Amino acid sequence: YPSEVILDRLAAIGYTALDMGLDYCVGEGRLLDGDNWRERVMALRRQADALGVTYTHSHAPGNAGNRSEAQMRAFEAAALLGARYIVVHPIHEVEGTIITDAAEFVRINREATLPLLPIAERLGLTILSENILWGASIHPKNIVDLVKAVDSPYFGWCFDTGHANCY
């Protein structure tokens, strides 16, 4: 369903705070597609405001190493929607090999995250890494170590209980 329909339905059943899955808004005909994507995002923001719904956070497409146009649009869209946080999945594999070594996981993701920090700062966002389903990222301690290694007020982590429940 289009984001506008989902927003109406969630507001109607009582939700007042939402996570905007911008990772699902990429592709032909979707919210972040085309030249007028900013106008569509702002229309969604106005709809949310009218319904009394706040986008508290969002999910970006790709992982920390991704610098695609879609990811950059997602960062800007999150800010336009009023979200304060944007989840960016950590890199969990290199050349098809799952990263299981904690120190390597922290090193690779720190290097990938640092270039995103000025973008987050400019847009007033905090980037959140999260535990995902593979390798070193399944251990919360490794995500905490990553946050400490990045050492920025524009970087933190969210604990995905659904992911954690899977393992």
# chains A, B, ... in the order shown; residues from 1 in each chain; ligands from 1

$ select_by_dssp --residues "chain A" --states "strand (DSSP E)" --output "PDB file with N, CA and C atoms, in the first residue's frame"
ATOM      1  N   ALA A  17       3.025   7.408  16.962  1.00  0.00           N
ATOM      2  CA  ALA A  17       4.455   7.488  16.662  1.00  0.00           C
ATOM      3  C   ALA A  17       4.809   6.321  15.748  1.00  0.00           C
ATOM      4  N   LEU A  18       5.532   6.629  14.680  1.00  0.00           N
ATOM      5  CA  LEU A  18       5.820   5.605  13.671  1.00  0.00           C
ATOM      6  C   LEU A  18       7.289   5.592  13.264  1.00  0.00           C
ATOM      7  N   ASP A  19       7.725   4.428  12.803  1.00  0.00           N
ATOM      8  CA  ASP A  19       9.010   4.225  12.134  1.00  0.00           C
ATOM      9  C   ASP A  19       8.710   4.243  10.643  1.00  0.00           C
ATOM     10  N   MET A  20       9.346   5.128   9.899  1.00  0.00           N
ATOM     11  CA  MET A  20       9.127   5.187   8.458  1.00  0.00           C
ATOM     12  C   MET A  20      10.140   4.279   7.773  1.00  0.00           C
ATOM     13  N   GLY A  21       9.666   3.209   7.179  1.00  0.00           N
ATOM     14  CA  GLY A  21      10.532   2.253   6.478  1.00  0.00           C
ATOM     15  C   GLY A  21      10.926   2.782   5.115  1.00  0.00           C
ATOM     16  N   THR A  54       3.504  11.300  14.614  1.00  0.00           N
ATOM     17  CA  THR A  54       4.899  11.727  14.495  1.00  0.00           C
ATOM     18  C   THR A  54       5.741  10.581  13.965  1.00  0.00           C
ATOM     19  N   TYR A  55       6.570  10.884  12.994  1.00  0.00           N
ATOM     20  CA  TYR A  55       7.586   9.919  12.567  1.00  0.00           C
ATOM     21  C   TYR A  55       8.782  10.122  13.491  1.00  0.00           C
ATOM     22  N   THR A  56       8.998   9.179  14.392  1.00  0.00           N
ATOM     23  CA  THR A  56      10.074   9.318  15.368  1.00  0.00           C
ATOM     24  C   THR A  56      11.416   8.862  14.816  1.00  0.00           C
ATOM     25  N   HIS A  57      11.385   7.856  13.957  1.00  0.00           N
ATOM     26  CA  HIS A  57      12.614   7.336  13.367  1.00  0.00           C
ATOM     27  C   HIS A  57      12.296   6.703  12.016  1.00  0.00           C
ATOM     28  N   SER A  58      13.341   6.261  11.350  1.00  0.00           N
ATOM     29  CA  SER A  58      13.187   5.710  10.014  1.00  0.00           C
ATOM     30  C   SER A  58      14.267   4.663   9.777  1.00  0.00           C
ATOM     31  N   HIS A  59      14.104   3.919   8.723  1.00  0.00           N
ATOM     32  CA  HIS A  59      15.107   2.945   8.298  1.00  0.00           C
ATOM     33  C   HIS A  59      15.581   3.333   6.899  1.00  0.00           C
ATOM     34  N   ALA A  60      16.882   3.368   6.719  1.00  0.00           N
ATOM     35  CA  ALA A  60      17.464   3.697   5.415  1.00  0.00           C
ATOM     36  C   ALA A  60      17.680   2.425   4.601  1.00  0.00           C
ATOM     37  N   PRO A  61      17.674   2.544   3.288  1.00  0.00           N
ATOM     38  CA  PRO A  61      18.027   1.390   2.462  1.00  0.00           C
ATOM     39  C   PRO A  61      19.534   1.138   2.533  1.00  0.00           C
ATOM     40  N   GLY A  62      19.906  -0.095   2.416  1.00  0.00           N
ATOM     41  CA  GLY A  62      21.323  -0.444   2.378  1.00  0.00           C
ATOM     42  C   GLY A  62      21.957  -0.475   3.752  1.00  0.00           C
ATOM     43  N   ASN A  63      23.281  -0.587   3.749  1.00  0.00           N
ATOM     44  CA  ASN A  63      24.011  -0.666   5.011  1.00  0.00           C
ATOM     45  C   ASN A  63      24.946   0.522   5.156  1.00  0.00           C
ATOM     46  N   TYR A  85      15.817  10.079  14.181  1.00  0.00           N
ATOM     47  CA  TYR A  85      16.738   8.945  14.085  1.00  0.00           C
ATOM     48  C   TYR A  85      16.569   8.236  12.751  1.00  0.00           C
ATOM     49  N   ILE A  86      17.679   7.704  12.239  1.00  0.00           N
ATOM     50  CA  ILE A  86      17.632   6.884  11.038  1.00  0.00           C
ATOM     51  C   ILE A  86      18.498   5.648  11.260  1.00  0.00           C
ATOM     52  N   VAL A  87      17.889   4.488  11.121  1.00  0.00           N
ATOM     53  CA  VAL A  87      18.595   3.220  11.292  1.00  0.00           C
ATOM     54  C   VAL A  87      19.320   2.888   9.989  1.00  0.00           C
ATOM     55  N   VAL A  88      20.597   2.585  10.118  1.00  0.00           N
ATOM     56  CA  VAL A  88      21.410   2.137   8.986  1.00  0.00           C
ATOM     57  C   VAL A  88      22.015   0.796   9.414  1.00  0.00           C
ATOM     58  N   HIS A  89      21.667  -0.247   8.699  1.00  0.00           N
ATOM     59  CA  HIS A  89      22.167  -1.572   9.073  1.00  0.00           C
ATOM     60  C   HIS A  89      23.684  -1.632   8.998  1.00  0.00           C
ATOM     61  N   GLU A  93      28.866  -8.579   6.121  1.00  0.00           N
ATOM     62  CA  GLU A  93      29.667  -9.504   5.318  1.00  0.00           C
ATOM     63  C   GLU A  93      30.570  -8.735   4.372  1.00  0.00           C
ATOM     64  N   VAL A  94      31.678  -9.355   4.032  1.00  0.00           N
ATOM     65  CA  VAL A  94      32.628  -8.786   3.074  1.00  0.00           C
ATOM     66  C   VAL A  94      32.910  -9.864   2.034  1.00  0.00           C
ATOM     67  N   THR A  97      31.517 -13.280   2.695  1.00  0.00           N
ATOM     68  CA  THR A  97      31.880 -13.946   3.946  1.00  0.00           C
ATOM     69  C   THR A  97      31.313 -13.157   5.125  1.00  0.00           C
ATOM     70  N   ILE A  98      30.542 -13.833   5.959  1.00  0.00           N
ATOM     71  CA  ILE A  98      29.955 -13.207   7.139  1.00  0.00           C
ATOM     72  C   ILE A  98      31.070 -12.808   8.108  1.00  0.00           C
ATOM     73  N   THR A 126      20.251  11.464  14.102  1.00  0.00           N
ATOM     74  CA  THR A 126      21.186  10.562  14.748  1.00  0.00           C
ATOM     75  C   THR A 126      21.088   9.229  14.020  1.00  0.00           C
ATOM     76  N   ILE A 127      22.206   8.727  13.545  1.00  0.00           N
ATOM     77  CA  ILE A 127      22.265   7.430  12.880  1.00  0.00           C
ATOM     78  C   ILE A 127      22.264   6.355  13.962  1.00  0.00           C
ATOM     79  N   LEU A 128      21.448   5.333  13.767  1.00  0.00           N
ATOM     80  CA  LEU A 128      21.422   4.205  14.688  1.00  0.00           C
ATOM     81  C   LEU A 128      21.823   2.936  13.947  1.00  0.00           C
ATOM     82  N   SER A 129      22.793   2.222  14.485  1.00  0.00           N
ATOM     83  CA  SER A 129      23.086   0.876  13.995  1.00  0.00           C
ATOM     84  C   SER A 129      22.145  -0.062  14.728  1.00  0.00           C
ATOM     85  N   GLU A 130      22.009  -1.277  14.248  1.00  0.00           N
ATOM     86  CA  GLU A 130      21.161  -2.214  14.973  1.00  0.00           C
ATOM     87  C   GLU A 130      21.688  -3.630  14.844  1.00  0.00           C
ATOM     88  N   PHE A 155      25.597   9.341  16.509  1.00  0.00           N
ATOM     89  CA  PHE A 155      25.597   7.898  16.262  1.00  0.00           C
ATOM     90  C   PHE A 155      25.250   7.144  17.530  1.00  0.00           C
ATOM     91  N   GLY A 156      24.363   6.172  17.396  1.00  0.00           N
ATOM     92  CA  GLY A 156      23.968   5.326  18.511  1.00  0.00           C
ATOM     93  C   GLY A 156      23.487   3.991  17.990  1.00  0.00           C
ATOM     94  N   TRP A 157      22.676   3.303  18.781  1.00  0.00           N
ATOM     95  CA  TRP A 157      22.146   2.033  18.294  1.00  0.00           C
ATOM     96  C   TRP A 157      20.765   1.787  18.839  1.00  0.00           C
ATOM     97  N   CYS A 158      20.000   0.992  18.104  1.00  0.00           N
ATOM     98  CA  CYS A 158      18.709   0.541  18.576  1.00  0.00           C
ATOM     99  C   CYS A 158      18.764  -0.982  18.688  1.00  0.00           C
TER     100      CYS A 158
END

$ select_by_dssp --residues "chain A" --states "helix (DSSP H, G or I)" --output "JSON, numbers by chain"
{"A": [3, 4, 5, 6, 7, 8, 9, 10, 11, 12, 22, 23, 24, 37, 38, 39, 40, 41, 42, 43, 44, 45, 46, 47, 48, 49, 50, 51, 69, 70, 71, 72, 73, 74, 75, 76, 77, 78, 79, 80, 81, 102, 103, 104, 105, 106, 107, 108, 109, 110, 111, 112, 113, 114, 115, 116, 117, 118, 119, 120, 121, 122, 123, 135, 136, 137, 138, 140, 141, 142, 143, 144, 145, 146, 147, 148, 149, 150, 161, 162, 163, 164, 165, 166]}

$ closest_residue --among "A:Ile108, A:Val41, A:Ala48, A:Ala102" --to "Gly65 (chain A)" --atoms "only C-alpha atoms"
A:Ile108

$ closest_atom_pairs --of "region 28-106 of chain A" --to "region 136-142 of chain A" --cutoff "9 Å" --atoms "only C-alpha atoms" --output "JSON lines"
{"residue": "A:Pro90", "atom": "CA", "partner": "A:Ser137", "partner_atom": "CA", "distance": 7.4}
{"residue": "A:Ile91", "atom": "CA", "partner": "A:Ser137", "partner_atom": "CA", "distance": 8.6}
{"residue": "A:His92", "atom": "CA", "partner": "A:Ser137", "partner_atom": "CA", "distance": 6.8}
{"residue": "A:Ile98", "atom": "CA", "partner": "A:Ala136", "partner_atom": "CA", "distance": 8.3}
{"residue": "A:Ile99", "atom": "CA", "partner": "A:Ala136", "partner_atom": "CA", "distance": 6.1}
{"residue": "A:Thr100", "atom": "CA", "partner": "A:Ala136", "partner_atom": "CA", "distance": 4.6}
{"residue": "A:Asp101", "atom": "CA", "partner": "A:Ala136", "partner_atom": "CA", "distance": 6.2}
{"residue": "A:Ala102", "atom": "CA", "partner": "A:Ala136", "partner_atom": "CA", "distance": 5.6}
{"residue": "A:Ala103", "atom": "CA", "partner": "A:Asn142", "partner_atom": "CA", "distance": 8.2}
{"residue": "A:Glu104", "atom": "CA", "partner": "A:Ala136", "partner_atom": "CA", "distance": 8.9}
{"residue": "A:Phe105", "atom": "CA", "partner": "A:Ala136", "partner_atom": "CA", "distance": 6.4}
{"residue": "A:Val106", "atom": "CA", "partner": "A:Asn142", "partner_atom": "CA", "distance": 7.0}

$ write_last_selection --atoms "C-alpha atoms" --output "mmCIF file, in the first residue's frame"
data_model
loop_
_atom_site.group_PDB
_atom_site.id
_atom_site.type_symbol
_atom_site.label_atom_id
_atom_site.label_comp_id
_atom_site.auth_asym_id
_atom_site.auth_seq_id
_atom_site.Cartn_x
_atom_site.Cartn_y
_atom_site.Cartn_z
ATOM 1 C CA PRO A 90 25.754 -2.501 9.851
ATOM 2 C CA ILE A 91 27.926 -4.215 7.279
ATOM 3 C CA HIS A 92 27.726 -7.894 8.155
ATOM 4 C CA ILE A 98 29.955 -13.207 7.139
ATOM 5 C CA ILE A 99 31.974 -11.107 9.603
ATOM 6 C CA THR A 100 32.172 -13.078 12.853
ATOM 7 C CA ASP A 101 35.218 -11.397 14.406
ATOM 8 C CA ALA A 102 34.048 -8.608 16.733
ATOM 9 C CA ALA A 103 37.097 -6.371 16.232
ATOM 10 C CA GLU A 104 36.833 -6.633 12.432
ATOM 11 C CA PHE A 105 33.099 -5.882 12.606
ATOM 12 C CA VAL A 106 33.735 -2.745 14.679
#

$ closest_residue --among "A:Arg38, A:Arg46, A:Arg9, A:Arg107" --to "Glu76 (chain A)" --atoms "only C-alpha atoms"
A:Arg38

$ closest_residue --among "A:Leu7, A:Leu22, A:Leu32, A:Ala83" --to "Ala50 (chain A)" --atoms "only C-alpha atoms"
A:Leu7

$ closest_atom_pairs --of "region 15-73 of chain A" --to "region 112-116 of chain A" --cutoff "12 Å" --atoms "only C-alpha atoms" --output "tab-separated table"
residue	atom	partner	partner_atom	distance
A:Asn63	CA	A:Ala112	CA	8.9
A:Ala64	CA	A:Ala112	CA	5.5
A:Gly65	CA	A:Ala112	CA	4.9
A:Asn66	CA	A:Ala112	CA	8.3
A:Arg67	CA	A:Leu116	CA	8.7
A:Ser68	CA	A:Leu116	CA	11.8
A:Gln71	CA	A:Leu116	CA	10.4
A:Met72	CA	A:Leu116	CA	9.4

$ write_last_selection --atoms "C-alpha atoms" --output "compact mmCIF listing (two decimals), in the first residue's frame"
# COMPACT_ATOMS: atom_id res chain seq x y z
CA ASN A 63 24.01 -0.67 5.01
CA ALA A 64 26.65 1.63 6.49
CA GLY A 65 28.88 1.22 3.44
CA ASN A 66 26.17 2.29 1.01
CA ARG A 67 26.43 5.78 -0.47
CA SER A 68 23.70 5.37 -3.06
CA GLN A 71 20.30 6.22 0.84
CA MET A 72 21.04 9.93 0.61

$ closest_residue --among "A:Leu125, A:Leu117, A:Ile132, A:Ala77" --to "Leu31 (chain A)" --atoms "only C-alpha atoms"
A:Ala77

$ closest_residue --among "A:Asp23, A:Val53, A:Glu28, A:Asn36" --to "Asp8 (chain A)" --atoms "only C-alpha atoms"
A:Val53

$ residues_around --residues "Val5 (chain A)" --least-positions-apart "6" --cutoff "12 Å" --atoms "only C-alpha atoms" --output "ChimeraX atom specification"
/A:11-12,44,47-48

$ write_last_selection --atoms "C-alpha atoms" --output "PDB file, in the first residue's frame"
ATOM      1  CA  ALA A  11      -3.592   6.625  12.747  1.00  0.00           C
ATOM      2  CA  ALA A  12      -7.145   5.261  12.661  1.00  0.00           C
ATOM      3  CA  LEU A  44       3.120  12.878   3.791  1.00  0.00           C
ATOM      4  CA  GLN A  47      -0.836  14.392   6.429  1.00  0.00           C
ATOM      5  CA  ALA A  48       0.936  13.003   9.523  1.00  0.00           C
TER       6      ALA A  48
END

$ atom_distance --atom1 "CA of Gly96 (chain A)" --atom2 "CA of Phe75 (chain A)"
26.8 Å

$ atom_distance --atom1 "CA of Ala43 (chain A)" --atom2 "CA of Leu81 (chain A)"
9.4 Å
